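Asks: You'll find entry.cif just under this line, and it carries mmCIF, C-alpha atoms.
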```cif
data_entry
loop_
_atom_site.label_atom_id
_atom_site.label_comp_id
_atom_site.auth_asym_id
_atom_site.auth_seq_id
_atom_site.Cartn_x
_atom_site.Cartn_y
_atom_site.Cartn_z
CA MET A 1 9.96 13.27 20.09
CA SER A 2 10.25 10.67 17.33
CA ARG A 3 11.36 7.19 18.25
CA SER A 4 14.61 5.70 17.01
CA TYR A 5 15.53 2.11 16.25
CA GLU A 6 18.98 2.95 17.68
CA GLN A 7 20.70 0.75 15.11
CA ARG A 8 23.82 1.45 13.04
CA CYS A 9 22.02 0.32 9.91
CA PHE A 10 21.35 2.58 6.94
CA ILE A 11 17.81 1.26 6.55
CA ALA A 12 17.07 1.77 10.23
CA ARG A 13 18.53 5.28 10.09
CA ALA A 14 16.33 6.11 7.10
CA LEU A 15 13.28 4.78 8.94
CA ASP A 16 14.16 6.91 11.95
CA VAL A 17 13.39 9.90 9.69
CA LEU A 18 10.79 8.52 7.29
CA GLY A 19 9.11 5.67 9.12
CA GLU A 20 6.76 7.66 11.34
CA ARG A 21 3.08 7.67 10.35
CA TRP A 22 2.13 10.40 7.81
CA THR A 23 5.74 11.32 7.01
CA LEU A 24 5.93 9.80 3.52
CA LEU A 25 2.44 11.07 2.73
CA ILE A 26 3.65 14.61 3.42
CA VAL A 27 6.47 13.95 0.96
CA ARG A 28 3.89 12.59 -1.51
CA GLU A 29 1.91 15.82 -1.31
CA LEU A 30 5.03 17.89 -1.96
CA THR A 31 5.75 16.02 -5.19
CA LEU A 32 2.88 18.20 -6.50
CA GLY A 33 4.81 21.40 -5.84
CA PRO A 34 5.03 23.81 -2.91
CA ARG A 35 2.17 23.53 -0.42
CA ARG A 36 1.13 25.76 2.42
CA TYR A 37 0.52 24.42 5.90
CA GLY A 38 -3.27 24.65 5.57
CA GLU A 39 -3.20 22.92 2.18
CA LEU A 40 -1.25 20.01 3.63
CA LEU A 41 -3.65 19.78 6.55
CA ALA A 42 -6.66 19.73 4.19
CA ALA A 43 -5.12 17.04 1.95
CA LEU A 44 -4.16 14.81 4.87
CA GLN A 45 -7.43 14.52 6.73
CA GLY A 46 -6.92 12.74 10.02
CA LEU A 47 -3.52 14.34 10.61
CA GLY A 48 -3.74 16.79 13.51
CA THR A 49 -2.19 20.23 13.37
CA SER A 50 0.37 19.59 16.12
CA LEU A 51 1.48 16.32 14.52
CA LEU A 52 1.84 17.99 11.12
CA ALA A 53 3.96 20.70 12.69
CA SER A 54 6.15 18.05 14.32
CA ARG A 55 6.56 16.08 11.09
CA LEU A 56 7.41 19.21 9.08
CA LYS A 57 9.98 20.25 11.66
CA SER A 58 11.67 16.85 11.54
CA LEU A 59 11.70 16.75 7.73
CA GLU A 60 13.14 20.24 7.59
CA GLU A 61 15.84 19.41 10.13
CA HIS A 62 16.90 16.42 8.05
CA GLY A 63 17.03 18.36 4.78
CA VAL A 64 14.05 16.60 3.18
CA ILE A 65 11.97 19.77 2.81
CA ARG A 66 12.59 23.51 2.96
CA ARG A 67 10.48 26.61 3.38
CA THR A 68 9.60 28.74 0.41
CA ALA A 69 7.28 31.63 -0.43
CA PRO A 70 5.75 30.95 -3.88
CA GLY A 71 4.61 34.18 -5.47
CA GLY A 72 5.32 36.03 -2.23
CA ALA A 73 1.96 34.87 -0.87
CA GLY A 74 2.95 33.38 2.45
CA ARG A 75 5.14 30.56 3.67
CA ALA A 76 4.98 27.16 2.07
CA TYR A 77 7.04 23.99 2.02
CA GLU A 78 8.71 22.23 -0.90
CA LEU A 79 10.98 19.24 -1.43
CA ALA A 80 14.67 19.89 -0.99
CA GLU A 81 17.33 17.89 -2.81
CA ARG A 82 17.18 15.02 -0.32
CA GLY A 83 13.41 15.03 -0.67
CA GLU A 84 13.62 14.80 -4.46
CA ALA A 85 15.91 11.81 -3.96
CA LEU A 86 12.95 9.96 -2.43
CA ILE A 87 10.95 10.03 -5.68
CA PRO A 88 12.22 6.62 -6.93
CA LEU A 89 11.31 5.14 -3.53
CA LEU A 90 7.79 6.58 -3.75
CA GLY A 91 7.48 5.19 -7.27
CA SER A 92 8.41 1.73 -6.05
CA LEU A 93 5.89 2.01 -3.21
CA ALA A 94 3.19 2.99 -5.71
CA GLU A 95 4.02 -0.03 -7.89
CA TRP A 96 3.99 -2.31 -4.86
CA GLY A 97 0.78 -0.82 -3.48
CA ALA A 98 -0.98 -1.30 -6.82
CA GLY A 99 -0.63 -5.04 -6.28
CA LEU A 100 -2.76 -4.93 -3.14
CA GLY A 101 -5.98 -4.73 -5.14
CA GLN A 102 -8.93 -2.40 -4.80
CA SER A 103 -9.20 -0.16 -1.74
CA PRO A 104 -12.36 -0.29 0.39
CA PRO A 105 -15.00 2.10 -1.01
CA GLU A 106 -15.09 4.22 2.16
CA TYR A 107 -11.43 5.22 1.80
CA ALA A 108 -10.65 8.86 0.95
CA ASP A 109 -9.91 9.44 -2.71
CA MET A 110 -8.39 12.25 -4.76
CA ALA A 111 -7.40 12.53 -8.40
CA ALA A 112 -4.18 14.14 -7.15
CA TRP A 113 -3.05 10.81 -5.71
CA ARG A 114 -3.64 9.09 -9.04
CA LEU A 115 -1.57 11.73 -10.79
CA VAL A 116 1.26 11.29 -8.29
CA ALA A 117 1.35 7.55 -9.02
CA MET A 118 1.20 8.21 -12.77
CA ARG A 119 4.10 10.63 -12.62
CA LEU A 120 6.26 8.55 -10.26
CA THR A 121 5.92 5.36 -12.31
CA ALA A 122 6.16 6.95 -15.77
CA PRO A 123 8.98 5.76 -18.05
CA ALA A 124 12.06 7.92 -18.57
CA GLU A 125 10.81 9.11 -21.97
CA ALA A 126 7.92 10.90 -20.23
CA ALA A 127 10.39 13.71 -19.54
CA GLN A 128 10.34 14.36 -23.30
CA PHE A 129 6.61 15.14 -23.21
CA ARG A 130 7.08 18.89 -23.58
CA THR A 131 3.46 19.86 -24.21
CA LEU A 132 2.35 21.86 -21.18
CA THR A 133 -0.83 20.04 -20.12
CA GLN A 134 -3.63 21.33 -17.93
CA LEU A 135 -5.83 18.68 -16.31
CA VAL A 136 -9.19 19.46 -14.73
CA VAL A 137 -10.64 16.46 -12.91
CA ASP A 138 -13.92 17.32 -11.22
CA ASP A 139 -12.92 20.17 -8.88
CA GLU A 140 -9.17 19.42 -8.92
CA GLN A 141 -6.71 21.12 -11.27
CA PHE A 142 -3.13 20.19 -12.16
CA TRP A 143 -0.55 20.87 -14.79
CA VAL A 144 2.12 18.54 -16.16
CA HIS A 145 5.22 19.36 -18.19
CA GLY A 146 8.38 17.51 -19.23
CA ASP A 147 11.54 19.59 -19.63
CA GLY A 148 13.65 16.88 -21.25
CA GLU A 149 15.19 15.79 -17.94
CA LYS A 150 12.29 15.39 -15.53
CA VAL A 151 8.52 15.75 -15.30
CA ARG A 152 6.97 18.52 -13.26
CA THR A 153 3.48 18.08 -11.85
CA GLN A 154 1.82 20.77 -9.81
CA ILE A 155 -1.58 21.56 -8.37
CA GLY A 156 -3.40 24.56 -9.79
CA LEU A 157 -3.45 26.47 -13.05
CA ALA A 158 -0.56 26.23 -15.51
CA PRO A 159 1.81 29.23 -15.33
CA VAL A 160 1.25 30.01 -19.03
CA THR A 161 -1.36 29.04 -21.61
CA PRO A 162 -1.21 25.24 -21.93
CA GLY A 163 -0.78 23.50 -25.25
CA LEU A 164 -3.19 20.78 -24.14
CA ARG A 165 -6.18 21.01 -21.84
CA MET A 166 -8.30 18.05 -20.75
CA SER A 167 -11.36 18.10 -18.49
CA CYS A 168 -13.26 15.08 -17.20
CA ASP A 169 -14.62 13.47 -14.08
CA ARG A 170 -12.57 11.23 -11.81
CA ALA A 171 -14.01 8.00 -13.19
CA THR A 172 -13.09 8.97 -16.75
CA PHE A 173 -9.62 10.07 -15.68
CA THR A 174 -9.09 6.69 -14.04
CA ALA A 175 -10.38 4.84 -17.10
CA LEU A 176 -8.04 6.79 -19.37
CA ALA A 177 -5.08 6.22 -17.06
CA ARG A 178 -5.81 2.49 -16.89
CA GLY A 179 -6.27 2.15 -20.63
CA ARG A 180 -9.91 1.12 -20.29
CA VAL A 181 -11.02 3.84 -22.72
CA THR A 182 -9.17 5.74 -25.43
CA VAL A 183 -9.05 9.50 -25.75
CA GLY A 184 -11.04 9.33 -28.98
CA ARG A 185 -13.81 7.27 -27.43
CA ALA A 186 -13.96 9.43 -24.31
CA VAL A 187 -14.30 12.58 -26.42
CA ALA A 188 -16.94 10.98 -28.67
CA ALA A 189 -18.94 9.92 -25.62
CA GLY A 190 -18.83 13.42 -24.16
CA ARG A 191 -16.82 12.20 -21.17
CA LEU A 192 -13.66 14.16 -22.00
CA ALA A 193 -13.44 17.82 -23.06
CA LEU A 194 -10.26 18.28 -25.09
CA ASP A 195 -8.58 21.48 -26.23
CA GLY A 196 -5.44 20.61 -28.19
CA ASP A 197 -4.03 17.88 -30.37
CA PRO A 198 -5.79 14.51 -29.82
CA GLU A 199 -2.52 12.75 -30.65
CA ASP A 200 -0.81 14.61 -27.80
CA ALA A 201 -3.64 13.59 -25.47
CA GLY A 202 -3.30 9.96 -26.54
CA LEU A 203 0.46 10.07 -26.01
CA PHE A 204 -0.06 11.58 -22.56
CA PHE A 205 -2.12 8.60 -21.43
CA ARG A 206 0.33 6.15 -22.95
CA LEU A 207 3.21 7.70 -21.00
CA PHE A 208 1.36 8.43 -17.79
CA THR A 209 -0.58 5.40 -16.62
CA LEU A 210 -1.74 3.98 -13.34
CA PRO A 211 0.45 1.07 -12.24
CA GLY A 212 -0.64 -2.46 -11.79
CA LEU A 213 -3.74 -3.20 -13.83
CA ASP A 214 -5.06 -3.25 -17.38
CA ALA A 215 -3.07 -3.31 -20.61
CA GLN A 216 -3.10 -0.03 -22.50
CA LEU A 217 -5.30 0.35 -25.57
CA SER A 218 -4.19 2.13 -28.69
CA SER A 219 -5.54 5.66 -29.10
#
```
Please express the file's structure as structure tokens.

Replies:
Amino acid sequence: MSRSYEQRCFIARALDVLGERWTLLIVRELTLGPRRYGELLAALQGLGTSLLASRLKSLEEHGVIRRTAPGGAGRAYELAERGEALIPLLGSLAEWGAGLGQSPPEYADMAAWRLVAMRLTAPAEAAQFRTLTQLVVDDEQFWVHGDGEKVRTQIGLAPVTPGLRMSCDRATFTALARGRVTVGRAVAAGRLALDGDPEDAGLFFRLFTLPGLDAQLSS
């Protein structure tokens, strides 16, 4: 059973639901679209199966997540409306966490977590980036699309043929997202494979950046 602060305070009540270890990281994973139980367990190494089940049950009971069956291929979980309402909070945490400096080299690392931070801290005009974009970063794949109101990011292959496809390793992806290298230079150096309009690719990395460090270069 989760512990409660037993305080009639809105912040304390929120922390009763969200303050337990791993809870917000489960929400983070679901910002990348519906995820099955096994996928969440694989992404959150160190989280035991019984604890994940307990956290999912609590989040579902409080209306943060709901069950879904994407493509009819088994049960998965996705953010419900109250879960989507946490996105600004996660964005603020990403901004704040970026100020803590470099993580120790032995820490787990995934391109997916960079993309989450890029999406959550993107300016409002990023929703106008309507070019469906497929990203392949080492062995991870994502797609990104703005619909005019919000940005969707999801793990896996784009649902239709993308207008822009970019492939690179994690180090290059990070350099592009931090503005340390331009799209043109990355392509010229053979570090970025690009299928689509280079101007769209440059705009992507001007809109979607990693918070905290490095001024952006022009593309």

Asks: What's the separation between atom CA of Arg206 of chain A and atom CA of Ala111 of chain A, in Å to one decimal place?

Replies: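 Distance reported for this atom pair: 17.7 Å.
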
Asks: Name all residues at most 10 Å from Leu47 of chain A (count all atoms listed in the file; drop same-chain ones fewer than 6 positions away) and give them as JSON, numbers by chain.

Replies: {"A": [21, 22, 40, 41]}

Asks: Considering only C-alpha atoms, return as a count of residues only whatever protein or nucleic-acid residues lie within 7 Å of Thr68 of chain A, sequence-local ones (same chain, fewer than 6 positions apart) excluded.

Replies: 4

Asks: So the first atom is atom CA of Asp16 of chain A and the second is atom CA of Leu90 of chain A; what is the distance between them in Å, to one decimal place?

Replies: 16.9 Å

Asks: I need the output of the PyMOL selection byres ((chain A and resi 118) around 8) for this file as an MDAnalysis selection string; which residues are they?

Replies: chainID A and resid 114:117 119:122 177 208:211

Asks: Residue by residue, what does the PyMOL selection byres ((chain A and resi 168) around 10) grab here? Present the result as a ChimeraX atom specification.

Replies: /A:135-139,166-167,169-174,186-187,190-194

Asks: Choose the residue, out of A:Ile155, A:Leu100, A:Ala188, A:Val160, that has the smallest atom-to-atom separation from Glu39 of chain A; count only C-alpha atoms.

Replies: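 When distances to Glu39 of chain A are compared using only C-alpha atoms, the smallest one comes from A:Ile155.
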
Asks: If you count all atoms listed in the file, which residues fall within 9 Å of Arg152 of chain A, apart from same-chain ones fewer than 6 positions away, as a PyMOL selection string?

Replies: chain A and resi 31-33+119+127+143-146

Asks: Would you save the residues of that selection, restricted to C-alpha atoms, as a tab-separated table (two decimals), keeping the file's coordinate frame?

Replies:
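This went into again32.tsv:
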```tsv
chain	number	residue	atom	x	y	z
A	31	THR	CA	5.75	16.02	-5.19
A	32	LEU	CA	2.88	18.20	-6.50
A	33	GLY	CA	4.81	21.40	-5.84
A	119	ARG	CA	4.10	10.63	-12.62
A	127	ALA	CA	10.39	13.71	-19.54
A	143	TRP	CA	-0.55	20.87	-14.79
A	144	VAL	CA	2.12	18.54	-16.16
A	145	HIS	CA	5.22	19.36	-18.19
A	146	GLY	CA	8.38	17.51	-19.23
```

Asks: Could you tell me how far atom CA of Ala158 of chain A lies from atom CA of Pro123 of chain A, in Å and to one decimal?

Replies: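 So the answer is 22.7 Å.
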
Asks: Can you turn the PyMOL selection byres ((chain A and resi 45) around 12) into a concrete residue list for this file, as JSON, numbers by chain?

Replies: {"A": [22, 25, 26, 38, 39, 40, 41, 42, 43, 44, 46, 47, 48, 49, 51, 52, 107, 108, 109, 110]}

Asks: Using all atoms listed in the file, which of the listed residues (A:Glu20, A:Asp197, A:Glu140, A:Asp147) sits closest to Leu59 of chain A?

Replies: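 Ranking A:Glu20, A:Asp197, A:Glu140, A:Asp147 by distance to Leu59 of chain A, first place goes to A:Glu20.
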
Asks: Please identify all polymer residues within 12 Å of Gly63 of chain A, counting only C-alpha atoms, omitting same-chain residues fewer than 5 positions from it, and present them as a ChimeraX atom specification.

Replies: /A:17-18,56-58,77-86

Asks: How big is the axis-aligned box around the listed atoms of segment 141-152 of chain A once 8 Å is added on each side, and where is its centre? Give both in Å to one decimal, as JSON.

Replies:
```
{"center_x": 4.2, "center_y": 18.3, "center_z": -16.3, "size_x": 37.9, "size_y": 21.7, "size_z": 26.0}
```

Asks: Provide segment 48-61 of chain A of the preceding structure as a file containing N, CA and C atoms, as a compact mmCIF listing (two decimals), in the first residue's frame.

Replies:
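Output (out_2.txt):
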```
# COMPACT_ATOMS: atom_id res chain seq x y z
N GLY A 48 10.99 -3.83 -10.33
CA GLY A 48 10.51 -5.21 -10.29
C GLY A 48 9.09 -5.34 -10.82
N THR A 49 8.74 -6.55 -11.23
CA THR A 49 7.43 -6.77 -11.85
C THR A 49 6.28 -6.50 -10.89
N SER A 50 6.42 -6.87 -9.62
CA SER A 50 5.32 -6.64 -8.67
C SER A 50 5.15 -5.16 -8.38
N LEU A 51 6.28 -4.43 -8.32
CA LEU A 51 6.19 -2.99 -8.06
C LEU A 51 5.59 -2.27 -9.25
N LEU A 52 5.95 -2.69 -10.47
CA LEU A 52 5.35 -2.09 -11.66
C LEU A 52 3.85 -2.32 -11.65
N ALA A 53 3.43 -3.53 -11.34
CA ALA A 53 2.00 -3.83 -11.29
C ALA A 53 1.28 -2.93 -10.28
N SER A 54 1.93 -2.72 -9.13
CA SER A 54 1.34 -1.88 -8.09
C SER A 54 1.23 -0.43 -8.54
N ARG A 55 2.30 0.08 -9.19
CA ARG A 55 2.28 1.46 -9.66
C ARG A 55 1.23 1.65 -10.75
N LEU A 56 1.14 0.71 -11.67
CA LEU A 56 0.14 0.82 -12.75
C LEU A 56 -1.27 0.80 -12.18
N LYS A 57 -1.50 -0.05 -11.20
CA LYS A 57 -2.82 -0.12 -10.58
C LYS A 57 -3.19 1.20 -9.93
N SER A 58 -2.25 1.80 -9.21
CA SER A 58 -2.52 3.08 -8.55
C SER A 58 -2.79 4.18 -9.57
N LEU A 59 -1.96 4.25 -10.63
CA LEU A 59 -2.15 5.28 -11.65
C LEU A 59 -3.48 5.11 -12.37
N GLU A 60 -3.86 3.88 -12.59
CA GLU A 60 -5.14 3.63 -13.25
C GLU A 60 -6.30 4.04 -12.34
N GLU A 61 -6.20 3.71 -11.07
CA GLU A 61 -7.26 4.06 -10.11
C GLU A 61 -7.45 5.57 -10.01
```
